[in-house]
file protein-v9.cif (mmCIF, C-alpha atoms)
data_my_file
loop_
_atom_site.label_atom_id
_atom_site.label_comp_id
_atom_site.auth_asym_id
_atom_site.auth_seq_id
_atom_site.Cartn_x
_atom_site.Cartn_y
_atom_site.Cartn_z
CA MET A 615 0.00 0.00 0.00
CA THR A 616 1.32 3.45 -0.84
CA ASN A 617 1.50 6.37 1.60
CA ARG A 618 0.27 4.33 4.52
CA THR A 619 1.12 1.41 6.74
CA ARG A 620 0.48 -2.09 5.34
CA GLN A 621 -2.47 -3.64 7.16
CA ASN A 622 -3.98 -7.07 7.68
CA ARG A 623 -7.58 -7.77 6.70
CA ILE A 624 -9.52 -9.81 9.21
CA ALA A 625 -13.14 -10.67 10.03
CA LEU A 626 -14.19 -9.67 13.56
CA THR A 627 -17.25 -8.62 15.48
CA GLY A 628 -17.28 -5.05 16.75
CA GLY A 629 -16.62 -6.28 20.27
CA ALA A 630 -13.65 -8.37 19.15
CA ALA A 631 -12.37 -5.45 17.06
CA ALA A 632 -12.36 -3.23 20.15
CA ALA A 633 -10.55 -5.97 22.10
CA GLU A 634 -7.98 -6.26 19.32
CA ALA A 635 -7.26 -2.54 19.51
CA LEU A 636 -6.92 -2.85 23.28
CA ARG A 637 -4.51 -5.76 22.80
CA GLN A 638 -2.30 -3.57 20.66
CA ILE A 639 -2.45 -0.71 23.17
CA GLU A 640 -1.99 -3.13 26.11
CA PRO A 641 -3.24 -0.97 28.98
CA ASP A 642 -1.89 -1.46 32.49
CA VAL A 643 -5.19 -2.14 34.24
CA MET A 644 -8.70 -3.23 33.18
CA PRO A 645 -11.39 -3.44 35.90
CA VAL A 646 -14.31 -5.44 34.46
CA TYR A 647 -17.84 -6.59 35.12
CA PRO A 648 -19.89 -8.40 32.44
CA ILE A 649 -23.14 -7.08 30.97
CA THR A 650 -24.86 -7.82 27.66
CA PRO A 651 -23.96 -6.82 24.94
CA GLN A 652 -20.60 -5.53 26.20
CA THR A 653 -19.40 -8.86 27.66
CA PRO A 654 -17.61 -10.10 24.48
CA ILE A 655 -15.20 -7.17 24.72
CA ILE A 656 -13.86 -8.06 28.15
CA GLU A 657 -14.32 -11.80 27.54
CA THR A 658 -12.14 -11.62 24.43
CA TYR A 659 -9.56 -9.52 26.21
CA ALA A 660 -9.50 -11.86 29.22
CA LYS A 661 -8.72 -14.76 26.87
CA LEU A 662 -5.85 -12.76 25.39
CA ARG A 663 -4.56 -12.26 28.92
CA ALA A 664 -4.94 -15.94 29.74
CA ASP A 665 -3.06 -16.87 26.55
CA GLY A 666 -0.19 -14.61 27.55
CA GLU A 667 -0.64 -12.13 24.70
CA VAL A 668 -0.98 -9.17 27.11
CA VAL A 669 0.14 -8.53 30.68
CA THR A 670 -2.71 -6.19 31.61
CA GLU A 671 -3.90 -6.54 35.20
CA ILE A 672 -7.55 -7.56 34.86
CA ILE A 673 -9.53 -6.85 38.02
CA GLN A 674 -12.80 -8.77 38.35
CA VAL A 675 -15.15 -6.72 40.50
CA GLU A 676 -18.66 -7.16 41.89
CA SER A 677 -20.53 -4.49 39.89
CA GLU A 678 -20.17 -1.79 37.26
CA HIS A 679 -20.04 0.79 40.05
CA SER A 680 -17.00 -1.07 41.36
CA ALA A 681 -15.48 -1.29 37.88
CA ILE A 682 -15.48 2.47 37.37
CA SER A 683 -14.42 3.05 41.01
CA ALA A 684 -11.44 0.73 40.51
CA SER A 685 -10.69 2.56 37.25
CA VAL A 686 -10.59 5.87 39.11
CA GLY A 687 -8.16 4.46 41.66
CA SER A 688 -5.99 2.86 39.00
CA SER A 689 -5.83 5.95 36.80
CA ALA A 690 -5.14 8.25 39.76
CA ALA A 691 -2.27 5.95 40.70
CA GLY A 692 -0.73 6.56 37.27
CA ALA A 693 -1.77 3.45 35.32
CA ARG A 694 -3.16 3.45 31.79
CA THR A 695 -6.70 2.25 32.50
CA VAL A 696 -9.60 0.95 30.41
CA THR A 697 -12.98 -0.58 31.14
CA ALA A 698 -16.22 -1.36 29.30
CA THR A 699 -19.95 -1.47 29.95
CA SER A 700 -23.51 -1.16 28.61
CA SER A 701 -26.98 0.04 29.59
CA GLN A 702 -27.81 -0.35 33.29
CA GLY A 703 -24.12 -0.83 33.92
CA LEU A 704 -23.38 2.66 32.65
CA ALA A 705 -26.33 4.00 34.64
CA LEU A 706 -24.95 2.34 37.78
CA MET A 707 -21.61 4.04 37.12
CA ASN A 708 -23.24 7.47 36.94
CA GLU A 709 -22.07 8.71 40.35
CA ILE A 710 -18.43 7.90 39.56
CA LEU A 711 -18.48 9.19 35.97
CA TYR A 712 -18.47 12.73 37.34
CA ILE A 713 -15.63 11.90 39.72
CA ALA A 714 -13.50 10.52 36.89
CA SER A 715 -14.04 13.58 34.71
CA GLY A 716 -13.73 16.04 37.60
CA MET A 717 -10.38 14.51 38.55
CA ARG A 718 -9.31 14.71 34.87
CA LEU A 719 -8.49 11.01 34.70
CA PRO A 720 -7.86 9.71 31.14
CA ILE A 721 -9.83 6.48 31.45
CA LEU A 722 -11.00 4.82 28.23
CA MET A 723 -14.40 3.11 28.37
CA VAL A 724 -15.72 1.02 25.47
CA ILE A 725 -19.52 0.92 25.37
CA SER A 726 -21.91 -1.35 23.49
CA ALA A 727 -24.85 1.02 23.62
CA ARG A 728 -28.08 -0.58 24.83
CA ALA A 729 -31.59 0.31 25.92
CA LEU A 730 -32.32 1.16 29.55
CA SER A 731 -34.94 -0.61 31.67
CA ALA A 732 -37.84 -0.78 32.30
CA PRO A 733 -39.16 -2.92 30.74
CA ILE A 734 -35.98 -4.99 30.42
CA ASN A 735 -34.45 -4.93 26.97
CA ILE A 736 -30.95 -6.17 26.11
CA HIS A 737 -30.75 -4.73 22.60
CA GLY A 738 -29.19 -1.64 21.14
CA ASP A 739 -30.16 1.98 21.28
CA HIS A 740 -28.48 5.12 22.58
CA SER A 741 -30.46 5.67 25.77
CA ASP A 742 -27.53 4.79 28.02
CA VAL A 743 -24.87 7.00 26.43
CA MET A 744 -27.21 9.93 25.93
CA ASP A 745 -28.07 9.72 29.62
CA ALA A 746 -24.33 10.21 30.31
CA ARG A 747 -23.69 12.95 27.78
CA ASP A 748 -23.27 15.71 30.37
CA ALA A 749 -20.97 13.73 32.69
CA GLY A 750 -17.84 15.43 31.36
CA TRP A 751 -16.64 12.52 29.20
CA ILE A 752 -15.63 12.71 25.56
CA GLN A 753 -17.99 10.59 23.44
CA ILE A 754 -17.03 9.09 20.07
CA PHE A 755 -19.56 7.08 18.03
CA SER A 756 -18.69 4.15 15.73
CA GLU A 757 -20.68 3.05 12.70
CA ASN A 758 -19.16 -0.42 12.31
CA ALA A 759 -16.43 -2.79 13.52
CA GLN A 760 -13.73 -0.90 11.63
CA GLU A 761 -14.62 2.34 13.36
CA ALA A 762 -14.86 0.60 16.74
CA TYR A 763 -11.27 -0.56 16.24
CA ASP A 764 -10.06 2.82 14.99
CA ASN A 765 -11.85 4.83 17.65
CA VAL A 766 -10.42 2.83 20.54
CA ILE A 767 -6.93 3.78 19.35
CA ILE A 768 -7.88 7.41 18.69
CA GLY A 769 -9.84 7.63 21.94
CA MET A 770 -6.98 6.35 24.08
CA LYS A 771 -4.57 8.91 22.69
CA LEU A 772 -7.11 11.73 22.96
CA ALA A 773 -8.03 10.93 26.56
CA GLU A 774 -4.39 11.08 27.62
CA LYS A 775 -3.66 14.18 25.54
CA VAL A 776 -6.38 16.34 27.12
CA ARG A 777 -6.75 14.40 30.40
CA ILE A 778 -10.46 13.79 29.93
CA PRO A 779 -12.04 10.32 30.20
CA THR A 780 -13.40 9.04 26.91
CA MET A 781 -16.24 6.76 25.81
CA VAL A 782 -15.91 4.87 22.53
CA ILE A 783 -19.43 3.82 21.55
CA MET A 784 -20.73 1.11 19.23
CA ASP A 785 -24.33 -0.05 18.78
CA GLY A 786 -25.22 -3.08 20.87
CA PHE A 787 -25.58 -6.26 18.77
CA SER A 788 -25.86 -4.35 15.46
CA THR A 789 -22.14 -3.65 15.70
CA SER A 790 -20.87 -5.43 18.80
CA HIS A 791 -21.97 -8.89 17.64
CA SER A 792 -21.90 -8.53 13.85
CA VAL A 793 -18.91 -9.95 11.97
CA GLU A 794 -17.36 -7.60 9.43
CA ASN A 795 -14.15 -7.41 7.43
CA LEU A 796 -11.78 -4.74 8.67
CA GLU A 797 -8.16 -3.70 8.45
CA ILE A 798 -5.87 -4.07 11.46
CA LEU A 799 -2.73 -1.98 11.78
CA PRO A 800 0.57 -3.56 12.82
CA SER A 801 0.82 -3.64 16.61
CA GLU A 802 4.12 -1.76 16.65
CA LYS A 803 2.53 1.09 14.69
CA VAL A 804 -0.39 1.27 17.12
CA LYS A 805 1.96 1.37 20.11
CA GLU A 806 4.01 4.08 18.43
CA PHE A 807 0.88 6.08 17.61
CA VAL A 808 -0.59 5.92 21.11
CA GLY A 809 2.79 6.27 22.81
CA GLU A 810 3.78 5.64 26.40
CA PHE A 811 1.53 6.98 29.14
CA TRP A 812 3.29 9.52 31.33
CA PRO A 813 0.78 11.03 33.76
CA GLU A 814 1.44 14.61 34.74
CA LYS A 815 0.55 13.92 38.37
CA TYR A 816 -0.25 10.65 40.11
CA LEU A 817 -0.72 9.35 43.62
CA LEU A 818 2.25 6.99 43.65
CA ASP A 819 4.73 9.75 42.83
CA VAL A 820 5.94 10.00 46.43
CA GLU A 821 8.55 12.62 45.55
CA ASN A 822 5.80 14.99 44.42
CA PRO A 823 2.77 14.30 46.62
CA VAL A 824 -0.63 15.43 45.33
CA THR A 825 -4.27 15.22 46.38
CA PHE A 826 -7.03 13.92 44.11
CA GLY A 827 -10.65 14.83 44.78
CA PRO A 828 -10.18 17.42 47.56
CA LEU A 829 -13.01 19.32 49.18
CA ALA A 830 -13.78 22.39 47.05
CA LEU A 831 -16.13 24.97 48.55
CA GLN A 832 -17.62 28.16 47.17
CA ASN A 833 -14.26 29.88 46.80
CA SER A 834 -12.78 27.26 44.43
CA TYR A 835 -15.35 24.79 43.04
CA PHE A 836 -16.42 27.12 40.24
CA GLU A 837 -12.82 27.48 39.03
CA PHE A 838 -12.35 23.70 38.93
CA LYS A 839 -15.44 23.28 36.73
CA VAL A 840 -14.47 26.14 34.40
CA ASP A 841 -11.00 24.65 33.93
CA GLN A 842 -12.59 21.30 33.19
CA GLU A 843 -14.84 22.87 30.57
CA LYS A 844 -11.93 24.72 28.94
CA ALA A 845 -10.16 21.38 28.58
CA MET A 846 -13.28 19.95 26.94
CA GLU A 847 -13.29 22.87 24.50
CA ARG A 848 -9.64 22.18 23.65
CA ALA A 849 -10.56 18.57 22.99
CA VAL A 850 -12.39 19.65 19.82
CA SER A 851 -9.20 20.70 18.04
CA GLU A 852 -7.11 17.95 19.66
CA TYR A 853 -9.54 15.31 18.42
CA LEU A 854 -9.23 16.54 14.85
CA ALA A 855 -5.42 16.66 15.03
CA ILE A 856 -5.25 13.09 16.37
CA ALA A 857 -7.89 11.86 13.90
CA LYS A 858 -5.94 13.34 10.99
CA GLU A 859 -2.72 11.78 12.28
CA PHE A 860 -4.51 8.42 12.37
CA GLU A 861 -5.83 9.04 8.86
CA ARG A 862 -2.28 9.47 7.58
CA LEU A 863 -1.30 6.22 9.30
CA SER A 864 -4.29 4.11 8.20
CA GLY A 865 -5.53 5.75 5.01
CA ARG A 866 -9.04 5.91 6.50
CA LYS A 867 -10.64 9.34 6.41
CA LYS A 868 -11.33 10.77 9.87
CA ASP A 869 -13.14 13.93 10.89
CA TYR A 870 -15.66 15.28 13.37
CA PHE A 871 -18.36 13.79 11.17
CA GLU A 872 -18.71 11.99 7.88
CA ALA A 873 -20.21 14.15 5.15
CA TYR A 874 -21.72 11.69 2.69
CA GLU A 875 -22.87 13.36 -0.55
CA LEU A 876 -23.39 16.47 1.55
CA GLU A 877 -21.76 19.26 -0.47
CA ASP A 878 -24.80 20.06 -2.63
CA ALA A 879 -27.41 18.16 -0.62
CA GLU A 880 -30.72 19.91 -0.12
CA GLN A 881 -32.29 17.18 2.02
CA VAL A 882 -30.08 15.83 4.79
CA ILE A 883 -30.36 13.16 7.46
CA ILE A 884 -28.23 13.50 10.59
CA LEU A 885 -27.59 10.51 12.84
CA ALA A 886 -24.91 8.56 14.73
CA GLY A 887 -24.08 4.88 14.77
CA SER A 888 -24.81 1.79 12.69
CA ALA A 889 -27.86 3.10 10.79
CA ALA A 890 -25.48 5.24 8.76
CA GLY A 891 -24.66 2.27 6.53
CA THR A 892 -28.29 1.76 5.48
CA THR A 893 -28.70 5.50 5.02
CA LYS A 894 -25.71 5.64 2.64
CA ASP A 895 -27.33 2.93 0.50
CA VAL A 896 -30.53 4.97 0.32
CA VAL A 897 -28.58 8.14 -0.53
CA ASP A 898 -26.88 6.29 -3.40
CA LYS A 899 -30.23 5.05 -4.70
CA LEU A 900 -31.91 8.47 -4.59
CA ARG A 901 -28.87 10.21 -6.06
CA LYS A 902 -29.20 7.96 -9.13
CA GLN A 903 -32.75 9.32 -9.42
CA GLY A 904 -31.39 12.86 -9.44
CA LYS A 905 -32.42 13.76 -5.90
CA LYS A 906 -30.01 15.92 -3.93
CA VAL A 907 -29.92 14.04 -0.66
CA GLY A 908 -27.09 13.49 1.80
CA LEU A 909 -26.04 12.21 5.20
CA LEU A 910 -24.16 13.81 8.06
CA LYS A 911 -22.96 11.02 10.34
CA ILE A 912 -21.74 12.24 13.72
CA ASN A 913 -18.46 10.78 14.94
CA LEU A 914 -17.54 13.17 17.78
CA PHE A 915 -20.58 13.95 19.90
CA ARG A 916 -18.97 15.30 23.07
CA PRO A 917 -17.52 17.83 22.83
CA PHE A 918 -20.00 18.79 20.14
CA PRO A 919 -18.34 20.41 17.07
CA ARG A 920 -21.25 22.79 16.58
CA LYS A 921 -19.60 25.36 14.31
CA GLU A 922 -18.22 22.77 11.92
CA ILE A 923 -21.51 20.88 11.67
CA VAL A 924 -23.55 24.02 11.06
CA GLU A 925 -21.12 25.09 8.34
CA ALA A 926 -21.50 21.69 6.66
CA LEU A 927 -25.28 22.13 6.62
CA LYS A 928 -25.25 25.53 4.91
CA ASN A 929 -26.74 24.27 1.63
CA ALA A 930 -29.40 22.06 3.20
CA LYS A 931 -33.02 23.10 2.92
CA SER A 932 -34.63 20.33 4.96
CA ILE A 933 -33.03 18.28 7.73
CA ALA A 934 -34.18 15.18 9.61
CA ILE A 935 -32.30 14.50 12.85
CA MET A 936 -32.70 10.82 13.68
CA GLU A 937 -31.93 9.55 17.17
CA ARG A 938 -32.07 6.26 19.06
CA ALA A 939 -32.93 7.91 22.37
CA ILE A 940 -35.68 9.92 24.01
CA SER A 941 -35.12 12.90 26.30
CA SER A 942 -38.25 12.55 28.38
CA GLY A 943 -40.44 15.64 28.20
CA THR A 944 -38.40 17.47 25.56
CA TYR A 945 -36.65 17.02 22.22
CA PRO A 946 -33.83 14.48 21.86
CA PRO A 947 -30.19 15.52 22.45
CA ILE A 948 -28.72 15.80 18.94
CA TYR A 949 -31.76 17.74 17.76
CA GLN A 950 -31.27 20.27 20.54
CA ASP A 951 -27.57 20.71 19.72
CA ILE A 952 -28.19 21.16 16.00
CA LEU A 953 -31.12 23.52 16.51
CA ASN A 954 -29.07 25.64 18.89
CA GLY A 955 -26.22 25.92 16.39
CA LEU A 956 -28.53 26.89 13.53
CA TYR A 957 -30.26 29.48 15.72
CA GLN A 958 -26.95 31.07 16.73
CA THR A 959 -25.96 31.46 13.07
CA LYS A 960 -29.47 32.61 12.10
CA GLN A 961 -29.92 29.82 9.56
CA GLU A 962 -33.51 28.98 8.78
CA LYS A 963 -34.10 25.34 7.86
CA ASN A 964 -37.03 22.96 7.84
CA ILE A 965 -36.11 20.55 10.63
CA GLN A 966 -37.72 17.32 11.76
CA SER A 967 -36.88 15.40 14.94
CA ILE A 968 -37.23 11.64 14.51
CA VAL A 969 -36.84 8.90 17.12
CA TYR A 970 -36.19 5.40 15.76
CA SER A 971 -34.97 1.89 16.65
CA LEU A 972 -35.50 1.99 20.40
CA GLY A 973 -34.83 -1.38 22.04
CA GLY A 974 -33.03 -2.66 18.96
CA ARG A 975 -36.01 -2.54 16.60
CA ASP A 976 -34.86 -2.83 12.99
CA ILE A 977 -34.94 0.14 10.67
CA PHE A 978 -35.07 -0.63 6.96
CA ALA A 979 -34.03 1.17 3.80
CA LYS A 980 -37.69 1.85 3.01
CA ASP A 981 -38.01 3.71 6.32
CA ILE A 982 -35.01 5.92 5.52
CA GLU A 983 -36.34 6.49 2.00
CA LYS A 984 -39.66 7.62 3.44
CA VAL A 985 -37.85 10.16 5.64
CA PHE A 986 -36.09 11.59 2.58
CA GLU A 987 -39.36 11.70 0.63
CA ASN A 988 -40.99 13.70 3.42
CA LEU A 989 -38.02 16.07 3.45
CA ILE A 990 -38.28 16.59 -0.30
CA LYS A 991 -42.00 17.34 0.02
CA GLU A 992 -41.22 19.49 3.09
CA ASP A 993 -43.86 17.46 4.87
CA MET A 994 -42.56 18.60 8.25
CA ILE A 995 -44.40 18.64 11.55
CA GLY A 996 -43.49 20.50 14.70
CA GLU A 997 -43.69 17.51 17.04
CA ILE A 998 -41.29 14.61 17.38
CA LYS A 999 -41.97 11.84 14.86
CA TYR A 1000 -41.54 8.21 15.85
CA ILE A 1001 -40.63 5.44 13.42
CA LEU A 1002 -42.41 2.49 15.01
#

call {"tool": "encode", "arguments": {"input": "protein-v9.cif", "output": "structure tokens"}}
result
Amino acid sequence: MTNRTRQNRIALTGGAAAAEALRQIEPDVMPVYPITPQTPIIETYAKLRADGEVVTEIIQVESEHSAISASVGSSAAGARTVTATSSQGLALMNEILYIASGMRLPILMVISARALSAPINIHGDHSDVMDARDAGWIQIFSENAQEAYDNVIIGMKLAEKVRIPTMVIMDGFSTSHSVENLEILPSEKVKEFVGEFWPEKYLLDVENPVTFGPLALQNSYFEFKVDQEKAMERAVSEYLAIAKEFERLSGRKKDYFEAYELEDAEQVIILAGSAAGTTKDVVDKLRKQGKKVGLLKINLFRPFPRKEIVEALKNAKSIAIMERAISSGTYPPIYQDILNGLYQTKQEKNIQSIVYSLGGRDIFAKDIEKVFENLIKEDMIGEIKYIL
């Protein structure tokens, strides 16, 4: 291959692809607790450890709350730390998510996104990760197994660069359990790309003692949170720089979002995750019919690259924002972010909020085509539309 590293093609599930990336990174510590559909990630990695392919210290704990708590302790002690979870597991971690981000600990968490109870559902949607979107973690979405692999590598480097914990997200079952062909980079190139982890401050540096998680009252708490938010703002540009560096290494285009046939598109769908593949097929079909349709697939969701996304939508007349989550009592999260950006730049568009595929329900090409047809007819309604 010219201008990039020679790679091996291999067939893996999304979960196994994430585990393969972790094998190449070889973190110091991985606290784990199993939950469907995340379990194959840690199960695959545990087998690698048992086979002697990695020396990571795997800590088996009694709950997801314990897994993230152990991750906080490990990362604060100066160890490169990863974990993984889904659904109720992420919800159970909620208390500690804020501690990890507030302490600026660069933990990497791989998530197979799944519906939240009740009623109990083990299949994929984005309810869990959207519930955690304001916890101060970077969030990167993956369309398929290839992106799950790539984003684990990018996410690890980004977390340690800006000292913000990072979630790499794939759709439960649709991606985590589906076998796809992907390209794997040589392990030495991945290790070189990610680099060694040298924490700026850590608890076991006895020559330079520090305190993590001190009491902060009215005279200092505000400053801590503002500094944290400034770091999150810096993560926007740092993500792009790291993504472009990875693009040069792998030959795979990386950006804040994927703009698919977007340049002259008048009708646009915006979404994140595995449904992007079906949407691209529909875009190709309608383009052959002369219809100016396109897709904006979100890769980086937190921090939200609002300015760049709004600029990419400048030629769109009608937009459907499709989401696999409900924000109870109001519009869904991506819709709110997009609408806010368009309002700030005084762009007037016809916009439709659509909720789809909750609890893993299939969405078909005909459903996506119907959305585009409604956009073309400007058959827009003010309320949220549900694809049932």

call {"tool": "atom_distance", "arguments": {"input": "protein-v9.cif", "atom1": "CA of Glu678 (chain A)", "atom2": "CA of Phe836 (chain A)"}}
result
29.3 Å

call {"tool": "closest_residue", "arguments": {"input": "protein-v9.cif", "among": "A:Glu847, A:Glu877, A:Glu640, A:Asp819", "to": "Arg920 (chain A)", "atoms": "only C-alpha atoms"}}
result
A:Glu847

call {"tool": "closest_residue", "arguments": {"input": "protein-v9.cif", "among": "A:Leu772, A:Ile798, A:Met781, A:Ala849", "to": "Ser700 (chain A)", "atoms": "all atoms listed in the file"}}
result
A:Met781

call {"tool": "resolve_selection", "arguments": {"input": "protein-v9.cif", "expression": "the PyMOL selection byres ((chain A and resi 727) around 7)", "output": "JSON, numbers by chain"}}
result
{"A": [700, 701, 725, 726, 728, 738, 739, 740, 742, 743, 783, 784, 785, 786]}

call {"tool": "residues_around", "arguments": {"input": "protein-v9.cif", "residues": "region 710-718 of chain A", "least_positions_apart": "3", "cutoff": "6 Å", "atoms": "only C-alpha atoms", "output": "PyMOL selection string"}}
result
chain A and resi 686+707+749-750+777-779

call {"tool": "write_last_selection", "arguments": {"input": "protein-v9.cif", "atoms": "C-alpha atoms", "output": "mmCIF file, in the frame of the given file"}}
result
data_model
loop_
_atom_site.group_PDB
_atom_site.id
_atom_site.type_symbol
_atom_site.label_atom_id
_atom_site.label_comp_id
_atom_site.auth_asym_id
_atom_site.auth_seq_id
_atom_site.Cartn_x
_atom_site.Cartn_y
_atom_site.Cartn_z
ATOM 1 C CA VAL A 686 -10.590 5.870 39.110
ATOM 2 C CA MET A 707 -21.610 4.040 37.120
ATOM 3 C CA ALA A 749 -20.970 13.730 32.690
ATOM 4 C CA GLY A 750 -17.840 15.430 31.360
ATOM 5 C CA ARG A 777 -6.750 14.400 30.400
ATOM 6 C CA ILE A 778 -10.460 13.790 29.930
ATOM 7 C CA PRO A 779 -12.040 10.320 30.200
#

call {"tool": "closest_residue", "arguments": {"input": "protein-v9.cif", "among": "A:Arg938, A:Lys905, A:Lys911, A:Lys775", "to": "Gly891 (chain A)", "atoms": "all atoms listed in the file"}}
result
A:Lys911

call {"tool": "resolve_selection", "arguments": {"input": "protein-v9.cif", "expression": "the PyMOL selection byres ((chain A and resi 898) around 12)", "output": "MDAnalysis selection string"}}
result
chainID A and resid 874:876 891:897 899:909 979 983

call {"tool": "atom_distance", "arguments": {"input": "protein-v9.cif", "atom1": "CA of Met846 (chain A)", "atom2": "CA of Ile940 (chain A)"}}
result
24.7 Å

call {"tool": "resolve_selection", "arguments": {"input": "protein-v9.cif", "expression": "the PyMOL selection byres ((chain A and resi 797) around 10)", "output": "short mmCIF file (atom, residue, chain, number, x, y, z; two decimals) with C-alpha atoms, keeping the file's coordinate frame"}}
result
data_model
loop_
_atom_site.label_atom_id
_atom_site.label_comp_id
_atom_site.auth_asym_id
_atom_site.auth_seq_id
_atom_site.Cartn_x
_atom_site.Cartn_y
_atom_site.Cartn_z
CA ARG A 620 0.48 -2.09 5.34
CA GLN A 621 -2.47 -3.64 7.16
CA ASN A 622 -3.98 -7.07 7.68
CA ARG A 623 -7.58 -7.77 6.70
CA ILE A 624 -9.52 -9.81 9.21
CA ALA A 625 -13.14 -10.67 10.03
CA LEU A 626 -14.19 -9.67 13.56
CA ALA A 631 -12.37 -5.45 17.06
CA ALA A 759 -16.43 -2.79 13.52
CA GLN A 760 -13.73 -0.90 11.63
CA TYR A 763 -11.27 -0.56 16.24
CA ASP A 764 -10.06 2.82 14.99
CA ASN A 795 -14.15 -7.41 7.43
CA LEU A 796 -11.78 -4.74 8.67
CA ILE A 798 -5.87 -4.07 11.46
CA LEU A 799 -2.73 -1.98 11.78
CA PRO A 800 0.57 -3.56 12.82
CA SER A 864 -4.29 4.11 8.20
CA ARG A 866 -9.04 5.91 6.50
#

call {"tool": "closest_residue", "arguments": {"input": "protein-v9.cif", "among": "A:Pro917, A:Pro641, A:Gly629, A:Gly996", "to": "Ile752 (chain A)", "atoms": "only C-alpha atoms"}}
result
A:Pro917

call {"tool": "residues_around", "arguments": {"input": "protein-v9.cif", "residues": "region 632-635 of chain A", "least_positions_apart": "3", "cutoff": "9 Å", "atoms": "all atoms listed in the file", "output": "list in words"}}
result
Thr627, Gly628, Gly629, Gln638, Ile639, Glu640, Pro654, Ile655, Ile656, Glu657, Thr658, Tyr659, Leu662, Val724, Ala759, Gln760, Ala762, Tyr763, Asp764, Asn765, Val766, Ile767, Ser790, Ile798, Leu799, Ser801 and Val804 of chain A

call {"tool": "atom_distance", "arguments": {"input": "protein-v9.cif", "atom1": "CA of Leu910 (chain A)", "atom2": "CA of Ile952 (chain A)"}}
result
11.5 Å
